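Beneath this line is the structure, given in structure tokens, with notes to follow.
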Amino acid sequence: MQMATGTAVSAGLKTGKDYSYGSFMRYLTLVFSYAGTISLEKELKAVQNTAALQPGDIFIHGGSPGHCFIVVDVAENASHQKMFMLAQSFMPAQNIQVLQNGSPWFSLSETADVPYGELVAAKYLRRF
């Protein structure tokens with residue numbers, strides 16, 4: 001159950017555990033109601049070494065509106081140049097799109113020619 005005090009919201013158990021699908025959907029509805037790029041950016045840690053880029057990393061700019069891309073795959077060539085695939089969604093998060101810029105592979109050394117492409121930069125890279 002959610003409890004609000006001013007602008008702070010916390011969760012607390014008021015009944016027994018319920019592992020049903022309906023309970024799970026109510027939980028997701030609650031999370032999606034309060035989660036966005038502002039709160040997500042605050043929870044993530046900056047990636048200091050872009051050479052350590054990995055699937056699950058996120059390029060994010062918190063705001064209203066904000067936006068983010070998630071790294072879904074990473075490849076490295078013989079010269080140790082990393083390329084990565086990105087996915088995005090819009091609110092509400094009902095579907096996800098894998099981005100392409102002529103190719104589905106992106107690099108930090110090239111400008112991403114996609115909407116919000118300026119986020120594909122080291123200063124926006126975060127990790128859980």
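Naming works like this for the structure tokens: A, B, ... for the chains as they're shown, residue 1 at the start of each chain, ligands 1 onward in shown order.
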
Check which residues of stretch 47-112 of chain A sit at most 12 Å from stretch 22-42 of chain A using only C-alpha atoms, and return one row each with the closest pair of atoms and their distance in Å to one decimal, ordered by chain and rising number, as JSON lines.
```
{"residue": "A:Asp57", "atom": "CA", "partner": "A:Glu41", "partner_atom": "CA", "distance": 11.8}
{"residue": "A:Ile58", "atom": "CA", "partner": "A:Glu41", "partner_atom": "CA", "distance": 9.2}
{"residue": "A:Phe59", "atom": "CA", "partner": "A:Glu41", "partner_atom": "CA", "distance": 9.4}
{"residue": "A:Ile60", "atom": "CA", "partner": "A:Glu41", "partner_atom": "CA", "distance": 6.6}
{"residue": "A:His61", "atom": "CA", "partner": "A:Thr37", "partner_atom": "CA", "distance": 6.8}
{"residue": "A:Gly62", "atom": "CA", "partner": "A:Ile38", "partner_atom": "CA", "distance": 4.1}
{"residue": "A:Gly63", "atom": "CA", "partner": "A:Ile38", "partner_atom": "CA", "distance": 5.4}
{"residue": "A:Ser64", "atom": "CA", "partner": "A:Ile38", "partner_atom": "CA", "distance": 7.8}
{"residue": "A:Pro65", "atom": "CA", "partner": "A:Thr37", "partner_atom": "CA", "distance": 8.1}
{"residue": "A:Gly66", "atom": "CA", "partner": "A:Thr37", "partner_atom": "CA", "distance": 5.7}
{"residue": "A:His67", "atom": "CA", "partner": "A:Thr37", "partner_atom": "CA", "distance": 6.4}
{"residue": "A:Cys68", "atom": "CA", "partner": "A:Thr37", "partner_atom": "CA", "distance": 7.2}
{"residue": "A:Phe69", "atom": "CA", "partner": "A:Thr37", "partner_atom": "CA", "distance": 10.6}
{"residue": "A:Ser89", "atom": "CA", "partner": "A:Thr37", "partner_atom": "CA", "distance": 11.7}
{"residue": "A:Phe90", "atom": "CA", "partner": "A:Gly36", "partner_atom": "CA", "distance": 10.5}
{"residue": "A:Met91", "atom": "CA", "partner": "A:Gly36", "partner_atom": "CA", "distance": 8.8}
{"residue": "A:Pro92", "atom": "CA", "partner": "A:Phe32", "partner_atom": "CA", "distance": 7.9}
{"residue": "A:Ala93", "atom": "CA", "partner": "A:Phe32", "partner_atom": "CA", "distance": 8.4}
{"residue": "A:Gln94", "atom": "CA", "partner": "A:Phe32", "partner_atom": "CA", "distance": 11.0}
```

So how many Å separate atom CA of A:Leu44 and atom CA of A:Val74, to one decimal?
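Computed distance, atom CA of A:Leu44 to atom CA of A:Val74, equals 19.6 Å.
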
Env of A:Ala46: 8 Å cut, atoms = only C-alpha atoms, seq-sep filter 5 positions within chain, self excluded. Answer as a list in words.
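My list of contacting residues is Lys123, Tyr124, Leu125, Arg126 and Arg127 of chain A.
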
Compile the contact shell of stretch 106-115 of chain A as a list in words: residues with an atom at most 8 Å away, counting only C-alpha atoms, same-chain residues fewer than 6 positions apart removed.
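Listing them by chain and then by number gives Lys82, Met83, Phe84, Met85, Leu86, Leu99, Gln100, Ala121 and Ala122 of chain A.
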
Could you please take those selected residues and save N, CA and C atoms as an mmCIF file, in the first residue's frame?
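Output file part-v8.cif follows:
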```cif
data_model
loop_
_atom_site.group_PDB
_atom_site.id
_atom_site.type_symbol
_atom_site.label_atom_id
_atom_site.label_comp_id
_atom_site.auth_asym_id
_atom_site.auth_seq_id
_atom_site.Cartn_x
_atom_site.Cartn_y
_atom_site.Cartn_z
ATOM 1 N N LYS A 82 34.290 0.172 -29.412
ATOM 2 C CA LYS A 82 32.995 -0.363 -28.990
ATOM 3 C C LYS A 82 31.869 0.282 -29.777
ATOM 4 N N MET A 83 30.927 -0.562 -30.176
ATOM 5 C CA MET A 83 29.681 -0.132 -30.797
ATOM 6 C C MET A 83 28.572 -0.693 -29.919
ATOM 7 N N PHE A 84 27.429 -0.040 -29.924
ATOM 8 C CA PHE A 84 26.350 -0.495 -29.054
ATOM 9 C C PHE A 84 25.002 -0.257 -29.710
ATOM 10 N N MET A 85 24.042 -1.086 -29.322
ATOM 11 C CA MET A 85 22.659 -0.944 -29.781
ATOM 12 C C MET A 85 21.866 -0.275 -28.671
ATOM 13 N N LEU A 86 20.899 0.565 -29.070
ATOM 14 C CA LEU A 86 20.081 1.311 -28.122
ATOM 15 C C LEU A 86 18.604 1.017 -28.323
ATOM 16 N N LEU A 99 16.661 1.396 -31.805
ATOM 17 C CA LEU A 99 16.973 2.521 -32.686
ATOM 18 C C LEU A 99 17.941 2.114 -33.785
ATOM 19 N N GLN A 100 17.872 2.864 -34.872
ATOM 20 C CA GLN A 100 18.874 2.696 -35.916
ATOM 21 C C GLN A 100 19.178 4.049 -36.523
ATOM 22 N N ALA A 121 26.089 10.508 -25.250
ATOM 23 C CA ALA A 121 27.358 11.144 -24.893
ATOM 24 C C ALA A 121 27.762 10.662 -23.501
ATOM 25 N N ALA A 122 29.053 10.644 -23.255
ATOM 26 C CA ALA A 122 29.575 10.109 -21.988
ATOM 27 C C ALA A 122 28.966 10.790 -20.767
#
```

DSSP strand (DSSP E or B) selection over stretch 9-116 of chain A, as a ChimeraX atom specification
/A:9-11,45-46,58-61,67-76,82-88,97-98,106

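The shortest atom-to-atom distance to A:Val120, with only C-alpha atoms taken into account, belongs to A:Ile70 out of A:Ile70, A:Glu76, A:Gln97, A:Ala11.
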
Taken to one decimal, the atom CA of A:Gly117-atom CA of A:Pro104 distance is 13.4 Å

Just checking: using only C-alpha atoms, which residue out of A:Gln88, A:Ser20, A:Asn49, A:Ser10 ends up closest to A:Tyr116?
A:Gln88
